[in-house]
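Take a look at the structure set out below.
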Amino acid sequence: MYRLQQLLLSLLVITVIGASPGWARDTAIEEPLIIDFKERFLPVVARSGMVAGPEQLASEIGSRILQQGGNVVDAAVATGFALAVTYPRAGNLAGGGFMLIHLAEGNRQVFIDYRESAPAAASRDMFLGEDGKIDLMRMYFSLQSSGVPGTVAGMLYALETYGSMSREQVLAPAIALAEEGFPVSFALTYELANQGKRLRNNPESLRLFFKPDGNAYEIGEIWRQPDLAWTLRQISEQGVDAFYKGEIAKRIVAAMQAGDGLITLQDLADYRVIERPPLRGTFREFEVVSAPPPSSGGVHILQILNLLEGDDLAGMGHNTAAYLHLLAESMKLAYADRSEYLGDPDFAPVPVAELTDKAYAARQRKMIDPGKATPSTTIAPGSALLRESMDTTHYSIADNKGNMVSNTYTLNASFGSAIAVPGTGMLLNNEMGDFAAQPGKPNPFGLVQGESNRIEGGKRPLSSMSPTIVFRDGKPWLATGSPGGSRIITTVLQTLLNAMAFEMNIATAGISARIHHQWLPDEILAEDGISPDTVRLLEQMGHTVKLGGRTIGRTESIIWENGWLLGATDTRRPQGWVAGF
């Protein structure tokens, strides 16, 4: 189907189809879609609805919910629960995240914060050893590394507040996948093998993710998860209380008590989803709506766009030395501010308005020398990071009424802490590692973060998750987001710039080579695809450039153009899928 679709897209005007594998239209579409077939990468095209996500089965479940009459929130929730079954490295029940929704009726945007929170017993120095150094194993791979999960509360809040289907309807596909099983894909086999040592260290994870003889599942074998099916059924039948007050909660706490964990029944019962005003800014004729704190993503996307808005980026040329120099210098300024000012706004004031003000960007812009790199040591926060895991996940959903959802959620590290709760089939997050274990000092990865992100009970750790929706001429135009830890911000930023400033189609915008700079360490990480000549020119300007394969983020994006949905899944990782109809 993809080959047929790309053949059709090679025409200047196509008048039929608009599907992904598994879904097709039998009737012709009257309005023509103009495609620039000179671009190397082409999007998937649909007309009535689309889900762009990291895994095929979950994307198709979301698409099927739309076809059954559900709205984009119904589809988002069904997709999220399905990913907990089919994409265990990052899909989850015991993690957390952010959901950004555009509702065509009323033309409004909603931001749902279901980020994990620190247990009440969490303390500032809890991850420091007697020698004053960070205990990495305790910080990332112990029961103390788990924050109070928010995913189930967030998904059900979104469904009950903005959805149209019942819990039973949206959870049924995930329950069926867990009970009946599904063929293990190449990607899942690779992921389990890559994390095999960590998963095998926990007896329950070993039991869940490997065969009874201890061997890994092979490609094509059916993997069933009866314990996870039980957990999903409890949520379907009893709602949010099943997870936060019922038998699931008791099993979580029993695991904590058996292994020196911190989460209590009171912590679970006290967890609350928060609706926050989404962050808004402009870039030329576009309005950009993104994630507010405790995400740093929206703040710094808008901050960098403000820094770049007055420059002729297209005239410089995409990924030229002149453009990448300006981009890297702008990233440095934003990430320096991130190290000092960003955190949970319910615990410390975050100067969002000041950081995203165009006048502030104009002052900061004067610090950028167009021909020379500014050493990071001379850039202080405001004068002008804790490392986060690469294994978050994102999906975008849209329908033909103009509704959109951009959702990013995570366990933090790949497979979280790799510790499973007995009898539930689910892995725990290790989001406590996103706090500043030593505020003001470089962490084990060389990054600095401030007091605003110190550990406190009930607090939500700083995040880079950046679900974003862009509006053009007042209408929803682009939904995107990415995994990638601190690289999420620069991934989403460059995808937006590729579409807005360089007018790339969404497939090309997502796959084009990227760079990343986060102030400290003072180096540009450049993907394969950046010209060696460009690298040499950047080095002549004073930049240190580190080549890093194709490792910066993985976008899942949809653009809405003239009644058509154009979607793309980033090929930096296997298994992504766009399901449209």
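Residues are referred to by chain and number: the chain letter is A, B, ... according to the order shown in the structure tokens, the number counts from 1 in that chain, and ligands are numbered separately from 1 in the order shown.
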Could you give me, as a short mmCIF file (atom, residue, chain, number, x, y, z; two decimals) with N, CA, C and O atoms, in the first residue's frame, the residues within 12 Å of Ala336 in chain A, counting only C-alpha atoms and dropping anything in the same chain fewer than 3 positions from it?
```
data_model
loop_
_atom_site.label_atom_id
_atom_site.label_comp_id
_atom_site.auth_asym_id
_atom_site.auth_seq_id
_atom_site.Cartn_x
_atom_site.Cartn_y
_atom_site.Cartn_z
N SER A 296 9.88 22.18 30.22
CA SER A 296 10.68 23.31 29.73
C SER A 296 10.54 23.45 28.22
O SER A 296 11.04 24.42 27.63
N HIS A 300 11.23 26.99 25.80
CA HIS A 300 12.47 27.15 25.04
C HIS A 300 12.26 27.02 23.54
O HIS A 300 13.02 27.63 22.76
N GLN A 303 11.27 30.54 22.92
CA GLN A 303 12.43 31.40 23.12
C GLN A 303 13.36 31.36 21.92
O GLN A 303 13.83 32.40 21.43
N GLU A 329 23.82 28.68 18.53
CA GLU A 329 24.00 29.79 19.46
C GLU A 329 22.69 30.11 20.18
O GLU A 329 22.69 30.44 21.38
N SER A 330 21.59 30.01 19.48
CA SER A 330 20.28 30.25 20.10
C SER A 330 19.95 29.15 21.11
O SER A 330 19.38 29.42 22.18
N MET A 331 20.28 27.91 20.77
CA MET A 331 20.06 26.81 21.70
C MET A 331 20.84 27.00 22.98
O MET A 331 20.33 26.77 24.08
N LYS A 332 22.09 27.45 22.88
CA LYS A 332 22.91 27.69 24.07
C LYS A 332 22.22 28.66 25.03
O LYS A 332 22.16 28.43 26.24
N LEU A 333 21.72 29.76 24.49
CA LEU A 333 21.09 30.76 25.33
C LEU A 333 19.86 30.20 26.05
O LEU A 333 19.64 30.47 27.24
N SER A 339 18.74 25.77 32.86
CA SER A 339 19.49 25.28 34.01
C SER A 339 19.17 26.03 35.29
O SER A 339 19.42 25.54 36.39
N GLU A 340 18.62 27.21 35.16
CA GLU A 340 18.40 28.06 36.33
C GLU A 340 16.93 28.24 36.70
O GLU A 340 16.56 28.18 37.88
N TYR A 341 16.07 28.44 35.70
CA TYR A 341 14.74 28.97 35.99
C TYR A 341 13.60 27.97 35.92
O TYR A 341 12.51 28.26 36.41
N LEU A 342 13.80 26.82 35.28
CA LEU A 342 12.66 25.95 35.00
C LEU A 342 12.46 24.89 36.08
O LEU A 342 13.43 24.31 36.59
N LEU A 355 10.83 34.95 29.84
CA LEU A 355 11.68 34.15 28.97
C LEU A 355 11.15 34.09 27.54
O LEU A 355 11.93 33.97 26.59
N GLN A 364 18.88 39.26 23.97
CA GLN A 364 19.74 38.08 23.91
C GLN A 364 20.39 37.93 22.54
O GLN A 364 21.52 37.47 22.43
N PRO A 375 31.74 30.91 23.63
CA PRO A 375 31.96 29.82 24.59
C PRO A 375 30.84 29.76 25.62
O PRO A 375 30.41 30.80 26.14
N SER A 376 30.38 28.56 25.92
CA SER A 376 29.29 28.41 26.89
C SER A 376 29.68 28.94 28.26
O SER A 376 28.82 29.37 29.04
N THR A 377 30.97 28.91 28.58
CA THR A 377 31.41 29.41 29.89
C THR A 377 31.16 30.89 30.07
O THR A 377 31.14 31.40 31.19
N THR A 378 30.96 31.61 28.97
CA THR A 378 30.70 33.05 29.06
C THR A 378 29.21 33.36 29.05
O THR A 378 28.83 34.53 29.13
N ILE A 379 28.38 32.33 28.93
CA ILE A 379 26.92 32.52 28.89
C ILE A 379 26.35 32.12 30.24
O ILE A 379 26.47 30.96 30.66
N ALA A 380 25.76 33.06 30.94
CA ALA A 380 25.15 32.78 32.23
C ALA A 380 23.64 32.81 32.08
O ALA A 380 23.10 33.55 31.25
N PRO A 381 22.90 32.02 32.86
CA PRO A 381 21.44 32.05 32.79
C PRO A 381 20.93 33.46 33.01
O PRO A 381 21.33 34.14 33.96
N GLY A 382 20.06 33.92 32.11
CA GLY A 382 19.45 35.22 32.27
C GLY A 382 20.25 36.36 31.69
O GLY A 382 19.73 37.43 31.47
N SER A 383 21.55 36.14 31.45
CA SER A 383 22.35 37.19 30.84
C SER A 383 22.05 37.26 29.37
O SER A 383 22.39 38.20 28.70
N ALA A 384 21.76 37.10 29.03
CA ALA A 384 21.33 37.28 27.66
C ALA A 384 19.87 37.42 27.62
O ALA A 384 19.40 38.23 28.29
N LEU A 385 21.97 20.71 32.77
CA LEU A 385 20.66 20.11 32.63
C LEU A 385 20.67 18.70 33.26
O LEU A 385 21.63 18.01 33.06
N GLY A 440 22.65 22.98 41.05
CA GLY A 440 23.75 23.90 40.81
C GLY A 440 25.06 23.25 40.43
O GLY A 440 26.03 23.95 40.10
N LEU A 447 25.70 18.03 32.93
CA LEU A 447 24.69 19.07 32.78
C LEU A 447 24.32 19.66 34.14
O LEU A 447 24.36 18.99 35.17
N VAL A 448 23.91 20.91 34.11
CA VAL A 448 23.62 21.65 35.33
C VAL A 448 22.13 22.00 35.37
O VAL A 448 21.55 22.37 34.36
N GLN A 449 21.53 21.89 36.54
CA GLN A 449 20.16 22.37 36.74
C GLN A 449 20.07 22.98 38.12
O GLN A 449 20.92 22.73 38.98
N GLY A 450 19.02 23.79 38.32
CA GLY A 450 19.01 24.64 39.50
C GLY A 450 18.11 24.18 40.62
O GLY A 450 17.50 23.11 40.60
N HIS A 517 22.38 21.34 20.68
CA HIS A 517 23.31 21.98 21.61
C HIS A 517 22.53 22.32 22.87
O HIS A 517 21.44 22.89 22.79
N GLN A 518 23.08 21.98 24.04
CA GLN A 518 22.34 22.23 25.28
C GLN A 518 23.17 23.03 26.29
O GLN A 518 23.06 22.82 27.48
N TRP A 519 24.03 23.93 25.76
CA TRP A 519 24.84 24.82 26.59
C TRP A 519 26.02 24.08 27.21
O TRP A 519 27.17 24.41 26.93
N LEU A 520 25.76 23.09 28.05
CA LEU A 520 26.80 22.26 28.62
C LEU A 520 26.45 20.79 28.39
O LEU A 520 25.32 20.40 28.64
N PRO A 521 27.39 19.98 27.91
CA PRO A 521 28.74 20.34 27.50
C PRO A 521 28.73 21.24 26.25
O PRO A 521 27.77 21.20 25.48
N ASP A 522 29.79 22.01 26.06
CA ASP A 522 29.84 23.01 24.99
C ASP A 522 30.22 22.32 23.67
O ASP A 522 31.37 22.40 23.22
#
```
_Near-Leu566 in chain A list (8 Å; only C-alpha atoms; drop same-chain fewer than 3 positions) as a ChimeraX atom specification_ = /A:43-46,506,558-561
Store the residues picked out above in a file with all heavy atoms, as a PDB file, in the first residue's frame.
```pdb
ATOM      1  N   PRO A  43       4.736  12.196   2.514  1.00  0.00           N
ATOM      2  CA  PRO A  43       3.886  11.816   3.641  1.00  0.00           C
ATOM      3  C   PRO A  43       2.832  10.792   3.249  1.00  0.00           C
ATOM      4  O   PRO A  43       2.518  10.606   2.081  1.00  0.00           O
ATOM      5  CB  PRO A  43       3.232  13.140   4.035  1.00  0.00           C
ATOM      6  CG  PRO A  43       3.147  13.895   2.737  1.00  0.00           C
ATOM      7  CD  PRO A  43       4.382  13.520   1.971  1.00  0.00           C
ATOM      8  N   VAL A  44       2.259  10.161   4.258  1.00  0.00           N
ATOM      9  CA  VAL A  44       1.047   9.362   4.091  1.00  0.00           C
ATOM     10  C   VAL A  44      -0.130  10.330   4.023  1.00  0.00           C
ATOM     11  O   VAL A  44      -0.164  11.342   4.724  1.00  0.00           O
ATOM     12  CB  VAL A  44       0.876   8.391   5.276  1.00  0.00           C
ATOM     13  CG1 VAL A  44      -0.455   7.659   5.196  1.00  0.00           C
ATOM     14  CG2 VAL A  44       2.037   7.396   5.305  1.00  0.00           C
ATOM     15  N   VAL A  45      -1.108  10.031   3.171  1.00  0.00           N
ATOM     16  CA  VAL A  45      -2.225  10.942   2.927  1.00  0.00           C
ATOM     17  C   VAL A  45      -3.542  10.275   3.320  1.00  0.00           C
ATOM     18  O   VAL A  45      -3.769   9.106   3.035  1.00  0.00           O
ATOM     19  CB  VAL A  45      -2.274  11.353   1.445  1.00  0.00           C
ATOM     20  CG1 VAL A  45      -3.416  12.331   1.192  1.00  0.00           C
ATOM     21  CG2 VAL A  45      -0.945  11.950   1.009  1.00  0.00           C
ATOM     22  N   ALA A  46      -4.392  11.015   3.996  1.00  0.00           N
ATOM     23  CA  ALA A  46      -5.725  10.532   4.348  1.00  0.00           C
ATOM     24  C   ALA A  46      -6.682  11.706   4.327  1.00  0.00           C
ATOM     25  O   ALA A  46      -6.280  12.867   4.192  1.00  0.00           O
ATOM     26  CB  ALA A  46      -5.720   9.849   5.710  1.00  0.00           C
ATOM     27  N   ILE A 506       5.827  17.444   5.575  1.00  0.00           N
ATOM     28  CA  ILE A 506       6.036  16.981   6.943  1.00  0.00           C
ATOM     29  C   ILE A 506       6.940  15.765   7.011  1.00  0.00           C
ATOM     30  O   ILE A 506       7.660  15.564   8.008  1.00  0.00           O
ATOM     31  CB  ILE A 506       4.677  16.713   7.640  1.00  0.00           C
ATOM     32  CG1 ILE A 506       4.875  16.560   9.150  1.00  0.00           C
ATOM     33  CG2 ILE A 506       3.969  15.517   7.023  1.00  0.00           C
ATOM     34  CD1 ILE A 506       5.527  17.767   9.814  1.00  0.00           C
ATOM     35  N   ILE A 558       1.549  15.279  12.047  1.00  0.00           N
ATOM     36  CA  ILE A 558       0.444  15.385  11.095  1.00  0.00           C
ATOM     37  C   ILE A 558       0.270  16.849  10.717  1.00  0.00           C
ATOM     38  O   ILE A 558       0.297  17.731  11.589  1.00  0.00           O
ATOM     39  CB  ILE A 558      -0.874  14.854  11.690  1.00  0.00           C
ATOM     40  CG1 ILE A 558      -0.757  13.367  12.032  1.00  0.00           C
ATOM     41  CG2 ILE A 558      -2.035  15.068  10.711  1.00  0.00           C
ATOM     42  CD1 ILE A 558      -1.963  12.819  12.798  1.00  0.00           C
ATOM     43  N   ILE A 559       0.112  17.098   9.422  1.00  0.00           N
ATOM     44  CA  ILE A 559      -0.235  18.432   8.931  1.00  0.00           C
ATOM     45  C   ILE A 559      -1.609  18.354   8.284  1.00  0.00           C
ATOM     46  O   ILE A 559      -1.945  17.368   7.622  1.00  0.00           O
ATOM     47  CB  ILE A 559       0.818  18.952   7.933  1.00  0.00           C
ATOM     48  CG1 ILE A 559       1.956  19.656   8.689  1.00  0.00           C
ATOM     49  CG2 ILE A 559       0.219  19.898   6.917  1.00  0.00           C
ATOM     50  CD1 ILE A 559       3.013  20.268   7.808  1.00  0.00           C
ATOM     51  N   TRP A 560      -2.393  19.412   8.484  1.00  0.00           N
ATOM     52  CA  TRP A 560      -3.733  19.496   7.899  1.00  0.00           C
ATOM     53  C   TRP A 560      -3.699  20.549   6.805  1.00  0.00           C
ATOM     54  O   TRP A 560      -3.484  21.734   7.079  1.00  0.00           O
ATOM     55  CB  TRP A 560      -4.735  19.869   8.998  1.00  0.00           C
ATOM     56  CG  TRP A 560      -6.158  19.591   8.662  1.00  0.00           C
ATOM     57  CD1 TRP A 560      -6.666  18.541   7.961  1.00  0.00           C
ATOM     58  CD2 TRP A 560      -7.290  20.389   9.044  1.00  0.00           C
ATOM     59  NE1 TRP A 560      -8.026  18.622   7.883  1.00  0.00           N
ATOM     60  CE2 TRP A 560      -8.443  19.752   8.536  1.00  0.00           C
ATOM     61  CE3 TRP A 560      -7.437  21.568   9.759  1.00  0.00           C
ATOM     62  CZ2 TRP A 560      -9.723  20.266   8.715  1.00  0.00           C
ATOM     63  CZ3 TRP A 560      -8.718  22.075   9.953  1.00  0.00           C
ATOM     64  CH2 TRP A 560      -9.836  21.417   9.435  1.00  0.00           C
ATOM     65  N   GLU A 561      -3.829  20.138   5.555  1.00  0.00           N
ATOM     66  CA  GLU A 561      -3.721  21.040   4.408  1.00  0.00           C
ATOM     67  C   GLU A 561      -4.955  20.931   3.512  1.00  0.00           C
ATOM     68  O   GLU A 561      -5.195  19.883   2.918  1.00  0.00           O
ATOM     69  CB  GLU A 561      -2.479  20.695   3.571  1.00  0.00           C
ATOM     70  CG  GLU A 561      -1.157  21.017   4.247  1.00  0.00           C
ATOM     71  CD  GLU A 561      -0.696  22.426   3.967  1.00  0.00           C
ATOM     72  OE1 GLU A 561      -1.533  23.263   3.566  1.00  0.00           O
ATOM     73  OE2 GLU A 561       0.501  22.706   4.155  1.00  0.00           O
TER      74      GLU A 561
END
```
*List the neighbours of Ile175 in chain A out to 10 Å using only C-alpha atoms; skip same-chain residues closer than 5 positions along the sequence, and give me the result as a list in words.*
Phe81, Ala82, Val85, Glu168, Val170, Glu180, Gly181, Gln225, Pro226, Leu228, Ala229, Trp230, Thr231, Leu232, Arg233 and Ser236 of chain A
Expected file contents, prior selection, C-alpha atoms, as a CSV table (one decimal), in the first residue's frame:
```
chain,number,residue,atom,x,y,z
A,81,PHE,CA,-3.5,2.2,26.6
A,82,ALA,CA,-2.7,0.0,23.5
A,85,VAL,CA,0.7,-3.4,25.7
A,168,GLU,CA,-15.0,0.0,28.2
A,170,VAL,CA,-11.6,2.6,24.5
A,180,GLU,CA,-4.9,-12.8,23.1
A,181,GLY,CA,-1.4,-11.7,22.4
A,225,GLN,CA,0.3,-10.7,28.9
A,226,PRO,CA,-2.5,-12.0,31.2
A,228,LEU,CA,-1.5,-6.7,32.2
A,229,ALA,CA,-4.9,-7.7,30.8
A,230,TRP,CA,-6.1,-8.1,34.4
A,231,THR,CA,-4.8,-4.6,35.2
A,232,LEU,CA,-6.4,-3.0,32.2
A,233,ARG,CA,-9.7,-4.8,32.9
A,236,SER,CA,-12.0,-0.5,32.5
```
*Leaving out Ser117 in chain A and any residue of its chain fewer than 5 positions from it, which residues lie within 6 Å of it when counting only C-alpha atoms, given as a PyMOL selection string?*
chain A and resi 147-148+458-460
With all heavy atoms retained, write the just-selected residues as a PDB file, in the first residue's frame.
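As written to disk, part37.pdb reads:
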```pdb
ATOM      1  N   GLY A 147       8.456   7.766  40.582  1.00  0.00           N
ATOM      2  CA  GLY A 147       7.509   8.768  41.023  1.00  0.00           C
ATOM      3  C   GLY A 147       6.095   8.211  41.019  1.00  0.00           C
ATOM      4  O   GLY A 147       5.824   7.150  40.442  1.00  0.00           O
ATOM      5  N   VAL A 148       5.180   8.933  41.631  1.00  0.00           N
ATOM      6  CA  VAL A 148       3.770   8.509  41.646  1.00  0.00           C
ATOM      7  C   VAL A 148       3.233   8.603  40.221  1.00  0.00           C
ATOM      8  O   VAL A 148       3.261   9.676  39.609  1.00  0.00           O
ATOM      9  CB  VAL A 148       2.945   9.398  42.594  1.00  0.00           C
ATOM     10  CG1 VAL A 148       1.487   8.931  42.624  1.00  0.00           C
ATOM     11  CG2 VAL A 148       3.543   9.390  43.995  1.00  0.00           C
ATOM     12  N   GLY A 458       5.763  15.596  46.564  1.00  0.00           N
ATOM     13  CA  GLY A 458       4.603  16.122  45.854  1.00  0.00           C
ATOM     14  C   GLY A 458       4.931  16.922  44.613  1.00  0.00           C
ATOM     15  O   GLY A 458       4.032  17.286  43.846  1.00  0.00           O
ATOM     16  N   LYS A 459       6.189  17.183  44.371  1.00  0.00           N
ATOM     17  CA  LYS A 459       6.628  18.010  43.254  1.00  0.00           C
ATOM     18  C   LYS A 459       6.743  17.180  41.977  1.00  0.00           C
ATOM     19  O   LYS A 459       6.997  15.977  42.019  1.00  0.00           O
ATOM     20  CB  LYS A 459       7.986  18.622  43.601  1.00  0.00           C
ATOM     21  CG  LYS A 459       8.492  19.710  42.688  1.00  0.00           C
ATOM     22  CD  LYS A 459       9.800  20.258  43.261  1.00  0.00           C
ATOM     23  CE  LYS A 459      10.301  21.469  42.529  1.00  0.00           C
ATOM     24  NZ  LYS A 459      11.534  22.004  43.155  1.00  0.00           N
ATOM     25  N   ARG A 460       6.568  17.852  40.833  1.00  0.00           N
ATOM     26  CA  ARG A 460       6.716  17.199  39.533  1.00  0.00           C
ATOM     27  C   ARG A 460       8.072  17.572  38.937  1.00  0.00           C
ATOM     28  O   ARG A 460       8.425  18.741  38.898  1.00  0.00           O
ATOM     29  CB  ARG A 460       5.571  17.600  38.596  1.00  0.00           C
ATOM     30  CG  ARG A 460       4.233  17.222  39.198  1.00  0.00           C
ATOM     31  CD  ARG A 460       3.022  17.535  38.362  1.00  0.00           C
ATOM     32  NE  ARG A 460       1.839  17.232  39.163  1.00  0.00           N
ATOM     33  CZ  ARG A 460       0.697  16.733  38.711  1.00  0.00           C
ATOM     34  NH1 ARG A 460       0.551  16.503  37.422  1.00  0.00           N
ATOM     35  NH2 ARG A 460      -0.297  16.475  39.519  1.00  0.00           N
TER      36      ARG A 460
END
```
*Which residue out of A:Arg365, A:Lys197, A:Arg536, A:Arg554 has the minimum interatomic distance to Phe415 in chain A when only C-alpha atoms are used?*
A:Lys197
*Step one, run DSSP on the backbone; step two, keep only residues of range 39-225 of chain A assigned to strand (DSSP E); then write them as a PyMOL selection string.*
chain A and resi 44-46+49-53+96-103+108-114+182-183+222-223
*Return the single residue from A:Gly69, A:Gly510, A:Pro467, A:Pro149 that is closest to His102 in chain A, with distances computed using only C-alpha atoms.*
A:Pro467
*For Pro461 in chain A, list every protein, DNA or RNA residue within 9 Å, evaluated using only C-alpha atoms, and leave out those in the same chain fewer than 3 positions away; present the list as JSON, numbers by chain.*
{"A": [115, 116, 117, 118, 294, 295, 343, 344, 431, 432, 433, 434, 435, 436, 453, 454, 455]}
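CA of Gly542 in chain A is found 20.3 Å from CA of His318 in chain A.
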*For Thr392 in chain A, list every protein, DNA or RNA residue within 12 Å, evaluated using only C-alpha atoms, and leave out those in the same chain fewer than 5 positions away; present the list as a ChimeraX atom specification.*
/A:54,83,87-92,95-98,407-416,429-431,463-467,481-488,553-555
*asked:* Residues within 9 Å of Val405 in chain A, please, as a PyMOL selection string. Count only C-alpha atoms; anything in the same chain fewer than 4 positions from it doesn't count.
replied: chain A and resi 72-73+76+99-103+395-398+467-469+479
For those residues, write N, CA, C and O atoms to a file as a short mmCIF file (atom, residue, chain, number, x, y, z; two decimals), in the first residue's frame.
```cif
data_model
loop_
_atom_site.label_atom_id
_atom_site.label_comp_id
_atom_site.auth_asym_id
_atom_site.auth_seq_id
_atom_site.Cartn_x
_atom_site.Cartn_y
_atom_site.Cartn_z
N VAL A 72 -11.07 12.62 18.62
CA VAL A 72 -9.61 12.50 18.71
C VAL A 72 -9.14 12.15 20.11
O VAL A 72 -8.12 11.47 20.29
N VAL A 73 -9.86 12.57 21.13
CA VAL A 73 -9.47 12.22 22.50
C VAL A 73 -9.74 10.75 22.77
O VAL A 73 -8.90 10.06 23.39
N ALA A 76 -6.94 9.04 21.18
CA ALA A 76 -5.69 9.24 21.90
C ALA A 76 -5.60 8.33 23.12
O ALA A 76 -4.55 7.75 23.41
N MET A 99 -0.69 15.97 27.58
CA MET A 99 -1.56 15.89 26.40
C MET A 99 -2.04 17.29 26.04
O MET A 99 -2.60 18.00 26.87
N LEU A 100 -1.81 17.67 24.80
CA LEU A 100 -2.28 18.95 24.26
C LEU A 100 -3.40 18.66 23.27
O LEU A 100 -3.22 17.88 22.33
N ILE A 101 -4.55 19.28 23.48
CA ILE A 101 -5.74 19.02 22.66
C ILE A 101 -6.20 20.32 22.02
O ILE A 101 -6.30 21.36 22.69
N HIS A 102 -6.49 20.27 20.71
CA HIS A 102 -7.20 21.37 20.06
C HIS A 102 -8.62 20.90 19.78
O HIS A 102 -8.84 19.89 19.11
N LEU A 103 -9.59 21.65 20.29
CA LEU A 103 -11.01 21.35 20.08
C LEU A 103 -11.57 22.34 19.08
O LEU A 103 -11.60 23.55 19.33
N TYR A 395 2.71 10.52 20.15
CA TYR A 395 1.84 10.27 19.00
C TYR A 395 0.95 11.48 18.77
O TYR A 395 0.66 12.25 19.69
N SER A 396 0.56 11.65 17.50
CA SER A 396 -0.30 12.76 17.09
C SER A 396 -1.53 12.20 16.41
O SER A 396 -1.45 11.20 15.69
N ILE A 397 -2.67 12.87 16.60
CA ILE A 397 -3.96 12.40 16.06
C ILE A 397 -4.72 13.59 15.52
O ILE A 397 -4.69 14.69 16.10
N ALA A 398 -5.41 13.39 14.40
CA ALA A 398 -6.21 14.47 13.81
C ALA A 398 -7.42 13.88 13.11
O ALA A 398 -7.40 12.73 12.67
N PRO A 467 4.77 18.36 23.51
CA PRO A 467 3.67 18.22 22.54
C PRO A 467 3.27 19.60 22.04
O PRO A 467 3.04 20.52 22.84
N THR A 468 3.17 19.75 20.72
CA THR A 468 3.00 21.08 20.13
C THR A 468 1.99 21.03 18.99
O THR A 468 1.96 20.07 18.22
N ILE A 469 1.17 22.07 18.90
CA ILE A 469 0.26 22.26 17.77
C ILE A 469 0.48 23.67 17.21
O ILE A 469 0.54 24.64 17.97
N ALA A 479 0.55 19.16 14.05
CA ALA A 479 0.70 18.57 15.39
C ALA A 479 1.94 17.71 15.38
O ALA A 479 2.14 16.89 14.47
#
```
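The two atoms in question, CA of Leu324 in chain A and CA of Arg338 in chain A, are spaced 20.6 Å apart.
Here the question is which of A:Ile112, A:Pro476, A:Pro574, A:Leu199 gets nearest to Asp399 in chain A using only C-alpha atoms, and that residue is A:Pro476.
Rounded to one decimal, CA of Ala314 in chain A and CA of Gly402 in chain A lie 28.8 Å from each other.
When only C-alpha atoms are used to compute distances to Phe182 in chain A, the closest of the residues A:Val51, A:Ala58, A:Leu547, A:Leu42 turns out to be A:Ala58.
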*Using only C-alpha atoms, which of A:Thr356, A:Asn215, A:Asn400, A:Gln68 sits nearest Ile301 in chain A?*
A:Thr356
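The closest residue to Gly474 in chain A, picked from A:Thr551, A:Gly80, A:Ala104, A:Gly371 and counting only C-alpha atoms, is A:Ala104.
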*Mind checking DSSP for range 4-180 of chain A and telling me the alpha helix (DSSP H) residues as an MDAnalysis selection string?*
chainID A and resid 4:9 56:67 72:86 136:140 151:162 167:180
